[in-house]
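Asks: File structure-v5.txt follows (compact mmCIF, C-alpha atoms and all ligand atoms):
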```
# COMPACT_ATOMS: atom_id res chain seq x y z
CA MET E 29 59.77 152.64 53.88
CA SER E 30 61.28 155.98 54.77
CA GLU E 31 60.60 158.52 57.47
CA PHE E 32 60.69 161.05 54.65
CA ASP E 33 59.53 160.41 51.11
CA TRP E 34 62.12 161.48 48.56
CA GLN E 35 60.06 160.23 45.62
CA ASP E 36 59.41 163.62 44.03
CA TYR E 37 62.96 164.89 44.33
CA ALA E 38 65.50 164.91 41.49
CA PRO E 39 68.12 162.14 41.39
CA GLU E 40 70.93 164.53 42.38
CA THR E 41 68.99 165.33 45.56
CA GLN E 42 67.98 161.75 46.31
CA ALA E 43 71.62 160.70 45.91
CA ILE E 44 72.65 163.14 48.64
CA ARG E 45 69.70 163.10 51.03
CA ALA E 46 67.77 159.83 50.85
CA GLY E 47 68.31 156.90 53.20
CA HIS E 48 69.82 158.57 56.25
CA ARG E 49 67.68 158.40 59.39
CA ARG E 50 69.40 160.74 61.81
CA THR E 51 69.96 159.17 65.23
CA HIS E 52 69.56 160.77 68.67
CA GLU E 53 73.18 161.99 68.29
CA ASP E 54 72.07 164.48 65.59
CA GLU E 55 74.94 163.54 63.27
CA HIS E 56 75.05 165.29 59.89
CA SER E 57 77.10 162.60 58.11
CA ILE E 58 75.84 159.05 58.14
CA PRO E 59 77.59 156.84 60.74
CA ILE E 60 79.13 153.41 60.16
CA PHE E 61 77.17 151.01 62.36
CA ALA E 62 79.93 148.56 63.24
CA THR E 63 77.73 146.11 65.09
CA SER E 64 76.91 142.51 64.27
CA SER E 65 73.79 142.28 66.42
CA TYR E 66 71.10 144.39 68.10
CA VAL E 67 69.50 144.36 71.54
CA PHE E 68 65.77 143.79 71.99
CA LYS E 69 63.77 145.37 74.79
CA SER E 70 62.11 142.06 75.68
CA ALA E 71 61.82 138.42 74.67
CA GLU E 72 58.53 139.28 73.03
CA GLU E 73 60.11 142.02 70.94
CA ALA E 74 62.86 139.61 69.87
CA ALA E 75 60.23 137.11 68.74
CA LEU E 76 58.29 139.79 66.83
CA ARG E 77 61.44 140.96 65.05
CA PHE E 78 62.47 137.42 64.06
CA THR E 79 59.08 136.62 62.57
CA GLY E 80 59.07 139.93 60.67
CA LYS E 81 55.93 141.15 62.50
CA GLN E 82 57.87 144.13 63.84
CA PRO E 83 60.30 145.99 61.58
CA GLY E 84 63.79 146.65 62.87
CA ASN E 85 67.30 145.35 63.06
CA ILE E 86 68.06 141.74 63.95
CA TYR E 87 71.52 140.75 62.84
CA SER E 88 73.90 142.43 60.39
CA ARG E 89 73.94 139.57 57.89
CA PHE E 90 70.62 141.00 56.70
CA THR E 91 69.87 144.20 58.67
CA ASN E 92 72.34 147.01 59.29
CA PRO E 93 71.44 150.73 59.35
CA THR E 94 74.40 151.86 57.20
CA VAL E 95 73.70 149.18 54.62
CA SER E 96 69.95 149.96 54.74
CA ALA E 97 70.66 153.63 54.06
CA PHE E 98 72.65 152.66 50.98
CA GLN E 99 69.90 150.29 49.83
CA GLU E 100 67.20 152.90 50.23
CA ARG E 101 69.20 155.53 48.36
CA LEU E 102 69.97 153.26 45.41
CA ALA E 103 66.33 152.09 45.26
CA TYR E 104 65.24 155.72 44.80
CA LEU E 105 67.81 156.31 42.07
CA GLU E 106 66.80 153.17 40.14
CA LYS E 107 63.09 154.01 40.63
CA GLY E 108 62.63 150.60 42.23
CA GLU E 109 60.61 149.75 45.31
CA ARG E 110 63.41 147.99 47.14
CA CYS E 111 67.13 147.32 46.94
CA LEU E 112 69.35 144.76 48.65
CA ALA E 113 73.11 145.17 48.88
CA PHE E 114 75.59 142.32 48.40
CA SER E 115 79.27 141.70 48.98
CA SER E 116 80.10 142.03 45.25
CA GLY E 117 78.48 142.41 41.86
CA MET E 118 78.93 138.68 41.27
CA ALA E 119 77.28 137.92 44.63
CA ALA E 120 74.29 140.02 43.47
CA ILE E 121 74.04 138.09 40.18
CA MET E 122 74.43 134.79 42.02
CA ALA E 123 71.65 135.90 44.39
CA VAL E 124 69.25 136.59 41.52
CA GLY E 125 69.87 133.10 40.15
CA MET E 126 69.71 131.35 43.53
CA ALA E 127 66.54 133.22 44.42
CA LEU E 128 64.62 132.73 41.17
CA LEU E 129 65.85 129.49 39.56
CA LYS E 130 65.22 125.84 40.24
CA ALA E 131 66.44 122.66 38.55
CA GLY E 132 64.86 122.32 35.12
CA ASP E 133 64.59 126.06 34.53
CA HIS E 134 66.04 127.83 31.51
CA VAL E 135 67.77 131.21 31.13
CA VAL E 136 68.45 133.30 28.03
CA CYS E 137 71.49 135.53 28.42
CA SER E 138 73.26 137.93 26.08
CA ARG E 139 76.54 136.56 24.79
CA SER E 140 78.44 139.72 25.60
CA VAL E 141 77.94 139.84 29.37
CA PHE E 142 80.69 140.12 31.98
CA GLY E 143 82.88 136.98 31.78
CA ASN E 144 82.10 135.74 35.28
CA THR E 145 78.39 136.09 34.58
CA VAL E 146 78.77 133.57 31.74
CA LEU E 147 80.69 131.24 34.07
CA THR E 148 78.07 131.62 36.81
CA PHE E 149 75.27 130.50 34.51
CA GLN E 150 77.25 127.87 32.61
CA ASN E 151 79.38 126.26 35.32
CA TYR E 152 77.37 126.75 38.51
CA PHE E 153 73.68 126.97 37.66
CA GLY E 154 74.43 124.45 34.89
CA LYS E 155 75.68 122.03 37.53
CA PHE E 156 72.25 122.09 39.21
CA GLY E 157 70.20 121.48 36.09
CA VAL E 158 69.58 125.03 34.87
CA GLU E 159 70.28 125.42 31.18
CA THR E 160 71.38 128.75 29.67
CA ASP E 161 71.35 129.79 26.03
CA PHE E 162 73.42 132.75 24.92
CA VAL E 163 72.16 135.10 22.19
CA SER E 164 73.13 138.30 20.42
CA LEU E 165 72.46 141.35 22.60
CA THR E 166 71.22 143.47 19.73
CA ASP E 167 68.84 141.05 17.99
CA PRO E 168 65.40 140.92 19.69
CA ALA E 169 64.29 138.15 17.29
CA ALA E 170 67.11 135.94 18.57
CA TRP E 171 65.94 136.49 22.16
CA GLU E 172 62.41 135.53 21.26
CA ALA E 173 63.55 132.44 19.33
CA ALA E 174 65.63 131.21 22.29
CA ILE E 175 62.75 131.33 24.79
CA LYS E 176 61.35 127.96 25.91
CA PRO E 177 58.30 127.14 28.01
CA ASN E 178 60.61 126.77 31.06
CA THR E 179 62.47 130.07 30.57
CA ARG E 180 62.47 131.83 33.94
CA PHE E 181 64.35 134.99 33.02
CA LEU E 182 66.30 136.85 30.36
CA PHE E 183 69.56 138.47 31.44
CA LEU E 184 71.37 141.28 29.63
CA GLU E 185 74.01 143.92 30.11
CA THR E 186 73.78 147.17 28.12
CA PRO E 187 76.02 148.75 26.92
CA SER E 188 78.07 145.61 26.50
CA ASN E 189 81.72 145.13 27.25
CA PRO E 190 84.02 145.62 25.40
CA LEU E 191 82.18 146.49 22.15
CA ILE E 192 79.70 148.94 23.72
CA GLU E 193 76.68 147.51 21.90
CA ILE E 194 73.24 148.63 23.05
CA ALA E 195 70.22 146.42 23.75
CA ASP E 196 66.67 147.69 23.39
CA ILE E 197 65.55 147.13 26.99
CA GLN E 198 61.90 147.90 26.34
CA ALA E 199 61.65 145.55 23.35
CA ILE E 200 63.33 142.69 25.21
CA ALA E 201 61.23 143.30 28.35
CA ASP E 202 58.10 143.03 26.17
CA ILE E 203 59.35 139.74 24.71
CA ALA E 204 60.10 138.36 28.20
CA HIS E 205 56.68 139.31 29.52
CA ARG E 206 54.83 137.92 26.50
CA HIS E 207 56.35 134.55 27.40
CA GLY E 208 55.85 134.78 31.15
CA ALA E 209 59.54 135.36 31.88
CA LEU E 210 61.32 138.13 33.79
CA LEU E 211 64.01 140.50 32.50
CA VAL E 212 67.16 141.11 34.56
CA VAL E 213 69.44 144.01 33.51
CA ASP E 214 73.03 144.54 34.64
CA ASN E 215 73.16 148.36 34.84
CA VAL E 216 76.83 148.73 35.81
CA PHE E 217 77.97 150.64 32.73
CA CYS E 218 75.23 153.29 32.77
CA THR E 219 74.32 153.58 36.47
CA PRO E 220 70.83 154.94 37.21
CA ILE E 221 72.08 158.40 36.25
CA LEU E 222 72.17 157.46 32.54
CA GLN E 223 69.50 154.75 32.37
CA GLN E 224 66.81 153.29 34.62
CA PRO E 225 65.94 149.83 33.28
CA LEU E 226 62.98 149.34 35.65
CA THR E 227 61.21 152.29 34.02
CA LEU E 228 61.71 150.59 30.62
CA GLY E 229 60.07 147.35 31.75
CA ALA E 230 62.92 145.37 33.32
CA ASP E 231 61.96 143.43 36.45
CA LEU E 232 65.30 143.34 38.27
CA VAL E 233 68.44 145.47 38.07
CA VAL E 234 71.82 144.20 39.26
CA HIS E 235 74.85 146.31 40.06
CA SER E 236 78.49 145.97 40.73
CA THR E 237 78.87 148.99 43.00
CA THR E 238 82.61 148.40 42.67
CA LYS E 239 82.59 150.48 39.49
CA TYR E 240 81.01 153.94 39.05
CA ILE E 241 79.02 153.89 42.29
CA ASP E 242 82.23 153.77 44.32
CA GLY E 243 83.91 155.69 41.51
CA GLN E 244 87.33 155.74 43.07
CA GLY E 245 88.30 152.07 42.92
CA ARG E 246 88.26 151.37 46.66
CA CYS E 247 85.62 148.79 47.58
CA VAL E 248 83.93 145.73 46.09
CA GLY E 249 80.14 145.53 46.36
CA GLY E 250 76.90 144.76 44.55
CA ALA E 251 73.14 145.30 44.66
CA VAL E 252 69.80 144.04 43.36
CA VAL E 253 66.85 146.39 42.83
CA ALA E 254 63.29 145.26 42.08
CA ASN E 255 59.69 145.57 43.23
CA GLU E 256 58.71 144.72 46.80
CA GLU E 257 57.26 141.33 45.87
CA LEU E 258 60.32 140.00 44.03
CA ILE E 259 62.64 141.19 46.79
CA GLU E 260 60.54 140.08 49.75
CA LYS E 261 59.53 136.71 48.34
CA TYR E 262 62.72 135.66 46.56
CA VAL E 263 65.86 137.78 47.01
CA TYR E 264 65.66 138.75 50.69
CA PRO E 265 65.23 135.15 51.97
CA TYR E 266 68.28 134.17 49.91
CA LEU E 267 70.40 137.06 51.28
CA ARG E 268 69.33 136.21 54.83
CA THR E 269 70.32 132.57 54.34
CA GLY E 270 73.13 132.80 51.81
CA GLY E 271 74.89 135.61 53.63
CA ALA E 272 76.84 137.39 50.85
CA THR E 273 76.30 140.63 52.75
CA MET E 274 77.75 144.09 52.08
CA SER E 275 79.83 145.33 55.02
CA PRO E 276 78.76 148.57 56.78
CA PHE E 277 82.12 150.14 55.93
CA ASN E 278 81.71 149.42 52.23
CA ALA E 279 78.10 150.69 52.32
CA TRP E 280 79.40 153.92 53.84
CA VAL E 281 81.94 154.33 51.03
CA PHE E 282 79.24 153.65 48.41
CA LEU E 283 76.85 156.15 50.06
CA GLY E 284 79.53 158.78 49.56
CA GLY E 285 80.00 157.56 46.00
CA LEU E 286 76.30 158.04 45.24
CA GLU E 287 76.47 161.64 46.47
CA THR E 288 78.73 162.65 43.58
CA LEU E 289 77.57 160.08 41.02
CA ALA E 290 75.53 162.47 38.86
CA LEU E 291 78.37 164.98 38.60
CA ARG E 292 80.98 162.32 37.97
CA MET E 293 78.94 160.53 35.29
CA LYS E 294 78.44 163.76 33.38
CA ALA E 295 82.18 164.53 33.48
CA HIS E 296 83.09 160.91 32.61
CA CYS E 297 80.74 160.94 29.61
CA ASP E 298 81.93 164.35 28.36
CA ASN E 299 85.56 163.15 28.45
CA ALA E 300 84.67 159.84 26.77
CA PHE E 301 82.69 161.52 23.96
CA GLU E 302 85.56 163.88 23.26
CA LEU E 303 88.09 161.02 23.30
CA ALA E 304 85.94 158.89 20.96
CA LYS E 305 85.66 161.73 18.41
CA TRP E 306 89.42 162.31 18.61
CA LEU E 307 90.26 158.61 18.23
CA GLU E 308 88.09 158.42 15.12
CA GLN E 309 90.45 160.95 13.47
CA GLN E 310 93.67 159.07 14.26
CA PRO E 311 95.18 157.32 11.21
CA ALA E 312 96.35 154.35 13.36
CA VAL E 313 92.77 153.67 14.47
CA ALA E 314 90.61 151.46 12.22
CA LYS E 315 87.31 151.67 14.11
CA VAL E 316 85.94 153.30 17.27
CA HIS E 317 83.12 151.72 19.28
CA TYR E 318 81.20 154.44 21.10
CA PRO E 319 77.41 154.95 20.96
CA GLY E 320 77.74 158.73 20.84
CA LEU E 321 79.26 158.50 17.35
CA VAL E 322 76.88 158.52 14.38
CA SER E 323 78.98 155.63 13.03
CA HIS E 324 77.71 153.43 15.91
CA ALA E 325 75.08 150.90 14.80
CA GLN E 326 72.73 151.69 17.72
CA HIS E 327 73.38 155.43 17.96
CA GLU E 328 69.67 156.31 17.71
CA LEU E 329 68.68 153.70 20.31
CA ALA E 330 71.38 154.92 22.69
CA LYS E 331 70.13 158.49 22.27
CA ARG E 332 66.60 157.40 23.13
CA GLN E 333 67.40 155.02 25.96
CA GLN E 334 70.28 156.74 27.78
CA SER E 335 70.66 160.31 28.99
CA HIS E 336 74.33 160.22 27.93
CA PHE E 337 76.53 157.77 26.05
CA GLY E 338 78.65 156.33 28.85
CA ALA E 339 82.36 156.44 29.58
CA VAL E 340 83.83 153.28 28.10
CA VAL E 341 85.34 153.57 24.62
CA SER E 342 86.93 150.78 22.67
CA PHE E 343 88.74 150.89 19.36
CA GLU E 344 90.47 148.67 16.84
CA LEU E 345 93.95 149.51 15.61
CA GLN E 346 95.16 149.07 12.04
CA GLY E 347 97.73 146.55 13.32
CA GLY E 348 97.09 143.38 15.34
CA LYS E 349 97.80 142.24 18.87
CA ASP E 350 101.42 143.49 18.84
CA HIS E 351 100.26 146.97 17.93
CA ALA E 352 97.63 146.92 20.70
CA TRP E 353 100.17 145.79 23.30
CA GLN E 354 102.69 148.41 22.09
CA LEU E 355 100.11 151.16 22.43
CA ILE E 356 99.15 150.02 25.93
CA ASP E 357 102.81 149.74 26.99
CA SER E 358 103.64 153.18 25.58
CA THR E 359 101.22 154.98 27.91
CA ARG E 360 102.75 156.59 30.97
CA MET E 361 99.74 157.92 32.89
CA LEU E 362 96.90 155.54 32.03
CA SER E 363 96.58 152.55 34.37
CA ILE E 364 96.94 149.15 32.72
CA THR E 365 94.10 147.40 34.51
CA ALA E 366 90.90 145.66 33.53
CA ASN E 367 88.84 147.55 36.11
CA LEU E 368 86.49 150.32 35.00
CA GLY E 369 84.40 153.11 36.42
CA ASP E 370 87.27 154.79 38.24
CA VAL E 371 88.27 158.48 38.27
CA LYS E 372 91.58 157.20 36.88
CA THR E 373 91.56 156.30 33.18
CA THR E 374 92.29 152.62 32.61
CA ILE E 375 93.41 150.81 29.46
CA THR E 376 93.14 147.11 28.72
CA HIS E 377 93.49 144.52 25.95
CA PRO E 378 90.25 142.50 26.19
CA ALA E 379 91.35 139.56 23.99
CA THR E 380 94.13 138.59 26.41
CA THR E 381 92.61 139.73 29.75
CA THR E 382 88.89 140.04 30.45
CA HIS E 383 87.98 137.81 27.50
CA GLY E 384 91.15 135.70 27.42
CA ARG E 385 89.42 132.65 28.87
CA LEU E 386 86.99 132.47 25.94
CA PRO E 387 87.99 130.02 23.21
CA PRO E 388 89.26 131.92 20.10
CA GLU E 389 86.16 130.94 18.07
CA ALA E 390 83.86 132.37 20.74
CA ARG E 391 85.95 135.54 20.80
CA ASP E 392 85.70 135.85 17.01
CA GLU E 393 81.96 135.29 17.15
CA ALA E 394 81.68 138.03 19.75
CA GLY E 395 83.71 140.37 17.51
CA ILE E 396 86.52 140.86 20.05
CA LYS E 397 89.52 141.28 17.78
CA ASP E 398 93.19 141.03 18.76
CA SER E 399 93.59 144.67 17.72
CA LEU E 400 90.90 145.87 20.16
CA VAL E 401 91.81 148.20 23.03
CA ARG E 402 89.33 149.29 25.70
CA ILE E 403 89.53 152.49 27.68
CA SER E 404 87.46 153.36 30.73
CA VAL E 405 87.70 157.12 30.52
CA GLY E 406 88.41 158.79 33.85
CA LEU E 407 88.28 162.35 35.06
CA GLU E 408 91.81 163.53 34.33
CA ASN E 409 92.05 166.48 31.94
CA ILE E 410 91.09 165.18 28.49
CA ASP E 411 94.17 166.75 26.86
CA ASP E 412 96.43 164.75 29.18
CA ILE E 413 94.57 161.54 28.30
CA LYS E 414 94.93 162.25 24.56
CA ALA E 415 98.61 163.14 24.95
CA ASP E 416 99.27 159.88 26.78
CA LEU E 417 97.75 157.91 23.88
CA LEU E 418 99.17 160.04 21.09
CA ASN E 419 102.73 158.82 21.52
CA GLY E 420 101.71 155.18 21.05
CA LEU E 421 99.30 155.99 18.21
CA THR E 422 101.91 157.85 16.18
CA HIS E 423 105.03 155.79 16.86
CA CYS E 424 103.94 152.17 17.17
C1 LIG E 501 82.55 144.19 37.47
C2 LIG E 501 81.29 143.77 36.88
C3 LIG E 501 80.51 142.76 37.46
C4 LIG E 501 80.95 142.00 38.68
O1 LIG E 501 81.07 142.82 39.80
P1 LIG E 501 82.13 142.56 41.00
O2 LIG E 501 81.80 143.67 41.94
O3 LIG E 501 83.50 142.61 40.41
O4 LIG E 501 81.82 141.22 41.55
C5 LIG E 501 79.31 142.45 36.87
N1 LIG E 501 78.90 143.07 35.74
C6 LIG E 501 79.61 144.05 35.16
C7 LIG E 501 79.10 144.72 33.94
C8 LIG E 501 80.84 144.42 35.69
O5 LIG E 501 81.56 145.38 35.09
```
What's the structure tokens form of this structure?
Replies:
Amino acid sequence: MSEFDWQDYAPETQAIRAGHRRTHEDEHSIPIFATSSYVFKSAEEAALRFTGKQPGNIYSRFTNPTVSAFQERLAYLEKGERCLAFSSGMAAIMAVGMALLKAGDHVVCSRSVFGNTVLTFQNYFGKFGVETDFVSLTDPAAWEAAIKPNTRFLFLETPSNPLIEIADIQAIADIAHRHGALLVVDNVFCTPILQQPLTLGADLVVHSTTKYIDGQGRCVGGAVVANEELIEKYVYPYLRTGGATMSPFNAWVFLGGLETLALRMKAHCDNAFELAKWLEQQPAVAKVHYPGLVSHAQHELAKRQQSHFGAVVSFELQGGKDHAWQLIDSTRMLSITANLGDVKTTITHPATTTHGRLPPEARDEAGIKDSLVRISVGLENIDDIKADLLNGLTHC
């Protein structure tokens, strides 16, 4: 698939070098191919391209050199055979469902996935006769019990948001395969730098490239990575027809994002670990959710499955919602936004924002308390992040 095989190179190198086929202009930095269509040398060549008998560009809904470079680079990092880019993370998740499901199929999904993922399965696939059951992320027995003869795939996100629980990818992949189902993993929180679900037995990985892969909060995008067969037979025909395409400009931004991803993830995780340990010592804090802490229920699993513990930390305050809101409002530097994976540290109150649409009983069941605050730890100096929180933690 490449004019040069980057297979044996380290991820840091792949993230910088893979995917770019230098043109006759000898450019060092990858160009943005702002073109919707391509010119064929003859009618015959056009016909060969359209039938797929000759590789090459056809139309930028499904072939664009800048987007292809991004796809190739991310495929290397995820250790997958092929990647397709989409206009957003939700478009990538929608694509997996549209490509693989039919009326009468069944999905098992972890309860603690991204809110719009729940709505996609419940409200949209549900409308076309696909039933979804939601189970506890951390209980493999519950996954197995929920599987039916018509279960097409299992879908999970690990670590989860906002409680940072960890799923055993390998165990759940084994369960899926024993029952003839596929496993889809949303790898947004870890990125391939911390965890490569395909190497643990997952069949498809989905990404919102909006988060750490961009890393600076500029563009919205998504991706699906899997083996050649799943992509060629199912996902690619849907992208070509459905058209939720990543733009060349966004692909160019994400290519740059990948180049510094390994460095950024390490710095993000170091800051987050330090903040988690510090929060655990604050009298106003009742509980910290971070898999790097020995107090975390899946600390050992996280150590085994991830190369670092991630950069999202959440914690419960001694007080309730008022205390959480006061703490958030007392910060001066942190951005009050529900986004994550940015160089800027963000702070949010899940119960009234990202998870506010859930009925209170569902929120309780998911363990998302009114006193819970979530921080996506950025790359500012850790002492400045602590200082910004300290005021609210000591005076509220
Ligand atoms: C943001 C996010 C998505 C959705 O991605 P968009 O790019 O916003 O469409 C899916 N899963 C997770 C875990 C996310 O954080």
Asks: One decimal, Å: what's the distance from CA of Ala123 in chain E over to CA of Pro168 in chain E, could you say?
Replies: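 These two atoms are separated by 26.0 Å.
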Asks: Per residue of range 170-243 of chain E within 12 Å of range 389-396 of chain E, record the nearest atom pair and its distance in Å to one decimal, counting only C-alpha atoms, with rows in chain order and ascending residue number, as JSON lines.
Replies:
```
{"residue": "E:Ser188", "atom": "CA", "partner": "E:Ala394", "partner_atom": "CA", "distance": 10.8}
{"residue": "E:Asn189", "atom": "CA", "partner": "E:Ile396", "partner_atom": "CA", "distance": 9.6}
{"residue": "E:Pro190", "atom": "CA", "partner": "E:Ile396", "partner_atom": "CA", "distance": 7.6}
{"residue": "E:Leu191", "atom": "CA", "partner": "E:Ile396", "partner_atom": "CA", "distance": 7.4}
{"residue": "E:Ile192", "atom": "CA", "partner": "E:Ile396", "partner_atom": "CA", "distance": 11.2}
{"residue": "E:Glu193", "atom": "CA", "partner": "E:Ala394", "partner_atom": "CA", "distance": 10.9}
```
Asks: Filtering to C-alpha atoms, could you give me those residues as a tab-separated table (two decimals), in the frame of the given file?
Replies:
```tsv
chain	number	residue	atom	x	y	z
E	188	SER	CA	78.07	145.61	26.50
E	189	ASN	CA	81.72	145.13	27.25
E	190	PRO	CA	84.02	145.62	25.40
E	191	LEU	CA	82.18	146.49	22.15
E	192	ILE	CA	79.70	148.94	23.72
E	193	GLU	CA	76.68	147.51	21.90
```
Asks: Please list as JSON, numbers by chain every residue within 8 Å of range 251-256 of chain E, counting only C-alpha atoms and excluding residues in the same chain fewer than 5 positions away.
Replies: {"E": [99, 102, 103, 106, 108, 109, 110, 111, 112, 113, 114, 116, 117, 120, 121, 124, 226, 231, 232, 233, 234, 235, 236, 237]}
Asks: Can you work out the spacing between CA of Leu345 in chain E and CA of Arg332 in chain E in Å, to one decimal?
Replies: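 For CA of Leu345 in chain E relative to CA of Arg332 in chain E, the distance reads 29.4 Å.
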Asks: Here is a test: counting only C-alpha atoms and all ligand atoms, which residue of E:Gly249, E:Gly80, E:Pro265, E:Gly125 is nearest to ligand LIG 501 (chain E)?
Replies: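 Of E:Gly249, E:Gly80, E:Pro265, E:Gly125, the one nearest ligand LIG 501 (chain E) is E:Gly249, counting only C-alpha atoms and all ligand atoms.
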Asks: At a cut-off of 7 Å, can you tabulate as a tab-separated table every residue of chain E near ligand LIG 501 (chain E) together with its closest atom pair and the distance in Å to one decimal, using all atoms listed in the file and ordering rows by chain then number?
Replies:
```
residue	atom	partner	partner_atom	distance
E:Ser116	CA	E:LIG501	O2	4.1
E:Gly117	CA	E:LIG501	O1	3.3
E:Met118	CA	E:LIG501	O4	3.9
E:Ala119	CA	E:LIG501	O4	6.4
E:Val141	CA	E:LIG501	C7	6.8
E:Phe142	CA	E:LIG501	N1	5.1
E:Thr145	CA	E:LIG501	C5	6.8
E:Glu185	CA	E:LIG501	C7	6.4
E:Asp214	CA	E:LIG501	C7	6.1
E:Val216	CA	E:LIG501	C7	5.0
E:Phe217	CA	E:LIG501	C7	6.1
E:His235	CA	E:LIG501	C5	6.7
E:Ser236	CA	E:LIG501	O1	4.2
E:Thr237	CA	E:LIG501	O2	6.2
E:Thr238	CA	E:LIG501	O2	4.9
E:Lys239	CA	E:LIG501	C1	6.6
E:Val248	CA	E:LIG501	O2	5.1
E:Gly249	CA	E:LIG501	O2	5.1
E:Gly250	CA	E:LIG501	O2	5.7
E:Leu368	CA	E:LIG501	O5	7.0
```
Asks: At a cut-off of 10 Å, using all atoms listed in the file, what residues contact Gln326 in chain E? Leave out same-chain residues fewer than 3 positions from it and give the result as a PyMOL selection string.
Replies: chain E and resi 166+192-196+318-323+329-332
Asks: Pick out the residues sitting within 7 Å of range 198-209 of chain E, and hand them over as number ranges by chain; count all atoms listed in the file, and ignore anything fewer than 4 positions along from it in its own chain.
Replies: E: 168, 172, 179-182, 228-230
Asks: What is the distance between CA of Tyr87 in chain E and CA of Glu257 in chain E, in Å to one decimal?
Replies: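 Separation of CA of Tyr87 in chain E and CA of Glu257 in chain E: 22.2 Å.
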Asks: Counting all atoms listed in the file, what is within 8 Å of Gly132 in chain E, bar same-chain residues fewer than 5 positions away, as a count of residues only?
Replies: 4
Asks: Please rebuild range 53-58 of chain E with all heavy atoms and return the result as a CSV table (one decimal), in the coordinates of the input.
Replies:
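Output (result38.csv):
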```csv
chain,number,residue,atom,x,y,z
E,53,GLU,N,71.9,161.2,68.2
E,53,GLU,CA,73.2,162.0,68.3
E,53,GLU,C,73.2,163.2,67.3
E,53,GLU,O,74.2,164.0,67.3
E,53,GLU,CB,74.4,161.1,68.0
E,53,GLU,CG,74.6,159.9,68.9
E,53,GLU,CD,75.0,160.3,70.4
E,53,GLU,OE1,75.2,161.5,70.6
E,53,GLU,OE2,75.0,159.4,71.2
E,54,ASP,N,72.2,163.3,66.5
E,54,ASP,CA,72.1,164.5,65.6
E,54,ASP,C,73.2,164.6,64.6
E,54,ASP,O,73.6,165.7,64.2
E,54,ASP,CB,72.0,165.8,66.4
E,54,ASP,CG,70.8,165.8,67.3
E,54,ASP,OD1,69.7,165.2,66.9
E,54,ASP,OD2,70.9,166.3,68.4
E,55,GLU,N,73.8,163.5,64.2
E,55,GLU,CA,74.9,163.5,63.3
E,55,GLU,C,74.5,164.0,61.9
E,55,GLU,O,73.4,163.7,61.5
E,55,GLU,CB,75.6,162.2,63.1
E,55,GLU,CG,74.8,161.1,62.3
E,55,GLU,CD,73.6,160.5,63.0
E,55,GLU,OE1,73.5,160.8,64.2
E,55,GLU,OE2,72.9,159.8,62.4
E,56,HIS,N,75.4,164.8,61.2
E,56,HIS,CA,75.0,165.3,59.9
E,56,HIS,C,75.5,164.3,58.8
E,56,HIS,O,74.8,164.1,57.8
E,56,HIS,CB,75.8,166.6,59.6
E,56,HIS,CG,75.2,167.4,58.5
E,56,HIS,ND1,76.0,168.3,57.8
E,56,HIS,CD2,74.1,167.3,57.8
E,56,HIS,CE1,75.2,168.8,56.8
E,56,HIS,NE2,74.1,168.2,56.8
E,57,SER,N,76.6,163.6,59.1
E,57,SER,CA,77.1,162.6,58.1
E,57,SER,C,76.7,161.2,58.6
E,57,SER,O,76.7,161.0,59.8
E,57,SER,CB,78.6,162.7,58.0
E,57,SER,OG,79.1,161.6,57.4
E,58,ILE,N,76.4,160.4,57.7
E,58,ILE,CA,75.8,159.0,58.1
E,58,ILE,C,76.9,158.2,58.9
E,58,ILE,O,78.0,158.1,58.4
E,58,ILE,CB,75.2,158.3,56.9
E,58,ILE,CG1,74.4,157.1,57.4
E,58,ILE,CG2,76.3,157.8,56.0
E,58,ILE,CD1,73.3,156.8,56.4
```
